[in-house]
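Enquirer: One structure coming up, written as structure tokens, with questions to follow.
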Amino acid sequence: MSSYAGRGVHGQVVRQLGARIVGGDFAEGEILDVRALGAELDVSLTVMRESLKVLAGKGLIDARQKRGTYVRPRAAWNLLDSDVIRWRVERGDGERLMRDLADVRSLVEPAAAHRAARRRTEADLVALGTALDAMADARGDTAAEADADASFHRALLAATGNELLARLDLLLEPGLRERDRLVHARGGADDPVPSHRAVLDAIRDQDAPRAELAMLDLLAKAAEDLDHVSATRADTG
């Protein structure tokens with residue numbers, strides 16, 4: 001799920017083509033003229049082929065003999081890939097993405113908080129507390145805020161004591177990081193520490209119903225922050 005770390009010309013080609021595919025510049029099923037794209041981007045065929053391999057790994061394209069390289073249907077895209085998520089936001093599909101993420105979180109995280117309150121260990125409390133402290137220290141630093149928030153929610157899932165639930169961080173974290181980047185970069189978001197502390201306090205007290213309600217309150221505040229971003233975009237658009 002991690003983003004592609006390629007730099008230089010290779011990384012630029014991956015980013016440019018990925019954003020164009022996700023943004024709909026190329027239709028599903030469309031055959032890509034690899035040589036023409038290479039000429040347009042002023043890169044060699046070797047760079048093009050290596051870049052297309054990266055995009056194929058994200059489910060965006062495929063290649064077949066006698067057909068060539070083509071754009072795969074959206075249903076085949078790895079929508080949980082952090083690059084795909086970022087490209088969707090950059091190309092104007094961020095609101096839909098964030099609403100979908102909010103739906104998934106509303107199904108998963110209140111129940112996770114409930115279970116965490118019943119099953120947490122002292123090590124889990126330490127991990128949650130460390131993430132909360134980092135969140136408090138990160139105010140004003142968008143990247144640090146996103147890191148601390150991701151750490152808190154990862155520790156929450158781990159505190160359920162369920163290995164499968166714990167690995168849902170792979171599903172939630174890329175979208176959560178992009179959501180934090182959008183909200184905190186625009187400013188105006190409420191201080192996230194009190195709502196997260198309420199969740200931690202309930203988990204520490206092993207009060208499962210209260211932990212679930214605290215998480216519902218946290219998600220409601222997250223929705224308000226997202227509405228603020230959408231309203232700001234509309235006003236400046």
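The chains in the structure tokens are called A, B, ... from first to last as shown; in each chain the residues are counted from 1, and the ligands are counted from 1 in the order shown.
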Give me, as JSON, numbers by chain, all polymer residues having an atom no more than 12 Å from Gly24 (chain A), counting only C-alpha atoms and skipping those fewer than 4 positions away in the same chain.
Expert: {"A": [17, 18, 19, 20, 28, 29, 30, 60, 71, 72, 73, 74, 87, 88, 91, 92, 93]}
Enquirer: Keeping only N, CA, C and O atoms, take the residues you just selected and write them out as a short mmCIF file (atom, residue, chain, number, x, y, z; two decimals), in the first residue's frame.
Expert:
```cif
data_model
loop_
_atom_site.label_atom_id
_atom_site.label_comp_id
_atom_site.auth_asym_id
_atom_site.auth_seq_id
_atom_site.Cartn_x
_atom_site.Cartn_y
_atom_site.Cartn_z
N LEU A 17 1.55 9.62 -15.70
CA LEU A 17 0.66 8.67 -16.33
C LEU A 17 -0.39 8.15 -15.36
O LEU A 17 -1.56 7.99 -15.74
N GLY A 18 0.02 7.88 -14.11
CA GLY A 18 -0.95 7.40 -13.13
C GLY A 18 -2.07 8.39 -12.91
O GLY A 18 -3.25 8.01 -12.88
N ALA A 19 -1.73 9.65 -12.76
CA ALA A 19 -2.75 10.68 -12.54
C ALA A 19 -3.66 10.82 -13.75
O ALA A 19 -4.88 11.02 -13.61
N ARG A 20 -3.09 10.69 -14.94
CA ARG A 20 -3.92 10.81 -16.16
C ARG A 20 -4.88 9.64 -16.30
O ARG A 20 -6.03 9.81 -16.72
N GLU A 28 -11.27 3.48 -19.90
CA GLU A 28 -11.10 2.06 -19.59
C GLU A 28 -11.08 1.26 -20.89
O GLU A 28 -11.91 1.45 -21.76
N GLY A 29 -10.09 0.38 -21.00
CA GLY A 29 -9.96 -0.43 -22.21
C GLY A 29 -9.17 0.24 -23.31
O GLY A 29 -8.83 -0.42 -24.31
N GLU A 30 -8.84 1.52 -23.17
CA GLU A 30 -8.11 2.23 -24.23
C GLU A 30 -6.69 1.68 -24.37
O GLU A 30 -6.01 1.43 -23.38
N LEU A 60 -3.66 -0.56 -12.72
CA LEU A 60 -4.20 0.45 -13.63
C LEU A 60 -4.14 0.02 -15.09
O LEU A 60 -5.01 0.42 -15.89
N VAL A 71 -5.68 0.26 -20.62
CA VAL A 71 -6.17 0.68 -19.30
C VAL A 71 -7.19 -0.35 -18.81
O VAL A 71 -8.13 -0.69 -19.52
N ARG A 72 -6.96 -0.83 -17.60
CA ARG A 72 -7.86 -1.83 -17.03
C ARG A 72 -9.14 -1.16 -16.50
O ARG A 72 -9.15 0.05 -16.19
N PRO A 73 -10.21 -1.93 -16.36
CA PRO A 73 -11.43 -1.38 -15.78
C PRO A 73 -11.19 -0.89 -14.36
O PRO A 73 -10.34 -1.43 -13.63
N ARG A 74 -11.92 0.11 -13.95
CA ARG A 74 -11.75 0.69 -12.62
C ARG A 74 -11.88 -0.36 -11.53
O ARG A 74 -11.21 -0.29 -10.49
N TRP A 87 -3.64 10.39 -6.38
CA TRP A 87 -3.99 10.82 -7.73
C TRP A 87 -5.48 11.11 -7.86
O TRP A 87 -5.88 12.05 -8.56
N ARG A 88 -6.31 10.32 -7.19
CA ARG A 88 -7.75 10.60 -7.22
C ARG A 88 -8.04 11.96 -6.62
O ARG A 88 -8.85 12.73 -7.17
N ARG A 91 -6.96 14.77 -8.95
CA ARG A 91 -7.78 14.90 -10.15
C ARG A 91 -9.25 15.15 -9.85
O ARG A 91 -10.11 14.99 -10.71
N GLY A 92 -9.57 15.53 -8.62
CA GLY A 92 -10.91 15.99 -8.31
C GLY A 92 -11.88 14.96 -7.79
O GLY A 92 -13.08 15.25 -7.66
N ASP A 93 -11.39 13.76 -7.48
CA ASP A 93 -12.27 12.70 -6.98
C ASP A 93 -12.14 12.53 -5.47
O ASP A 93 -12.56 11.52 -4.90
#
```
Enquirer: Identify all residues of region 45-156 of chain A in strand (DSSP E) (DSSP on the backbone) and supply them as a ChimeraX atom specification.
Expert: /A:61-64,68-71
Enquirer: Pick out the closest residue to Gly175 (chain A) from this set: A:Asp83, A:Asp190, A:Asp201, A:Asp25. Count only C-alpha atoms.
Expert: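 Distance minimum relative to Gly175 (chain A) lands on A:Asp83.
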Enquirer: List as a list in words the protein and nucleic acid residues near Leu107 (chain A), meaning an atom at most 12 Å away when only C-alpha atoms are counted, but skip any in the same chain fewer than 6 places from it.
Expert: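 Residues near the query, excluding close chain neighbours: Asp100, Leu101, Ala113, Leu168, Leu172, Glu212, Met215, Leu216 and Leu219 of chain A.
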Enquirer: Give me the residues near region 124-135 of chain A as a list in words, where near means some atom within 8 Å (using only C-alpha atoms) and where sequence neighbours in that chain fewer than 6 positions away do not count.
Expert: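 Final neighbour list, sorted by chain and number: Ala144, Glu145, Ala148, Asp149, Ser151, Phe152, Ala155, Leu156, Ala158, Ala159, Pro192, Val193, His196, Arg197, Leu200 and Arg204 of chain A.
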Enquirer: Suppose you want the space between CA of Ser106 (chain A) and CA of Leu171 (chain A); what is it in Å?
Expert: 13.5 Å
Enquirer: Which residue is closest to Arg181 (chain A)? Choose from A:Leu226, A:Leu157, A:Ala76, A:Ile31 and count only C-alpha atoms.
Expert: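 That would be A:Leu226, the residue with the smallest distance to Arg181 (chain A).
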Enquirer: For Asp81 (chain A), which residue among A:Ala223, A:Val199, A:Val22, A:Val104 is the nearest when counting only C-alpha atoms?
Expert: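 Nearest to Asp81 (chain A): A:Val22.
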Enquirer: Find, counting only C-alpha atoms, the residue in A:Ala220, A:Ala136, A:Ala27, A:Leu165 that gets nearest to Ile61 (chain A).
Expert: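 Closest to Ile61 (chain A) of all the choices is A:Ala27.
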Enquirer: Just checking: using only C-alpha atoms, which residue out of A:Ala56, A:Leu45, A:Val108, A:Val183 ends up closest to Leu164 (chain A)?
Expert: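 Selected residue with least distance to Leu164 (chain A): A:Val108.
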Enquirer: Identify, on the basis of only C-alpha atoms, every residue whose closest approach to Thr142 (chain A) does not exceed 9 Å; exclude the query and any residue fewer than 5 positions from it along the same chain; express the result as a VMD selection string.
Expert: chain A and resid 147 180 to 181 184 to 185
Enquirer: Can those selected residues be exported to a file as a compact mmCIF listing (two decimals), in the first residue's frame so that it contains N, CA, C and O atoms?
Expert:
```txt
# COMPACT_ATOMS: atom_id res chain seq x y z
N ASP A 147 1.17 11.43 10.69
CA ASP A 147 1.88 10.27 11.24
C ASP A 147 1.31 9.87 12.60
O ASP A 147 1.10 8.68 12.88
N ASP A 180 -6.07 13.44 6.35
CA ASP A 180 -5.39 14.35 7.28
C ASP A 180 -4.63 15.43 6.53
O ASP A 180 -4.61 16.60 6.94
N ARG A 181 -3.99 15.05 5.43
CA ARG A 181 -3.24 16.04 4.65
C ARG A 181 -4.16 17.13 4.13
O ARG A 181 -3.85 18.33 4.21
N HIS A 184 -5.68 19.21 7.42
CA HIS A 184 -4.72 20.03 8.16
C HIS A 184 -4.04 21.06 7.26
O HIS A 184 -3.70 22.16 7.72
N ALA A 185 -3.86 20.74 5.99
CA ALA A 185 -3.24 21.69 5.08
C ALA A 185 -4.14 22.90 4.85
O ALA A 185 -3.66 24.02 4.65
```
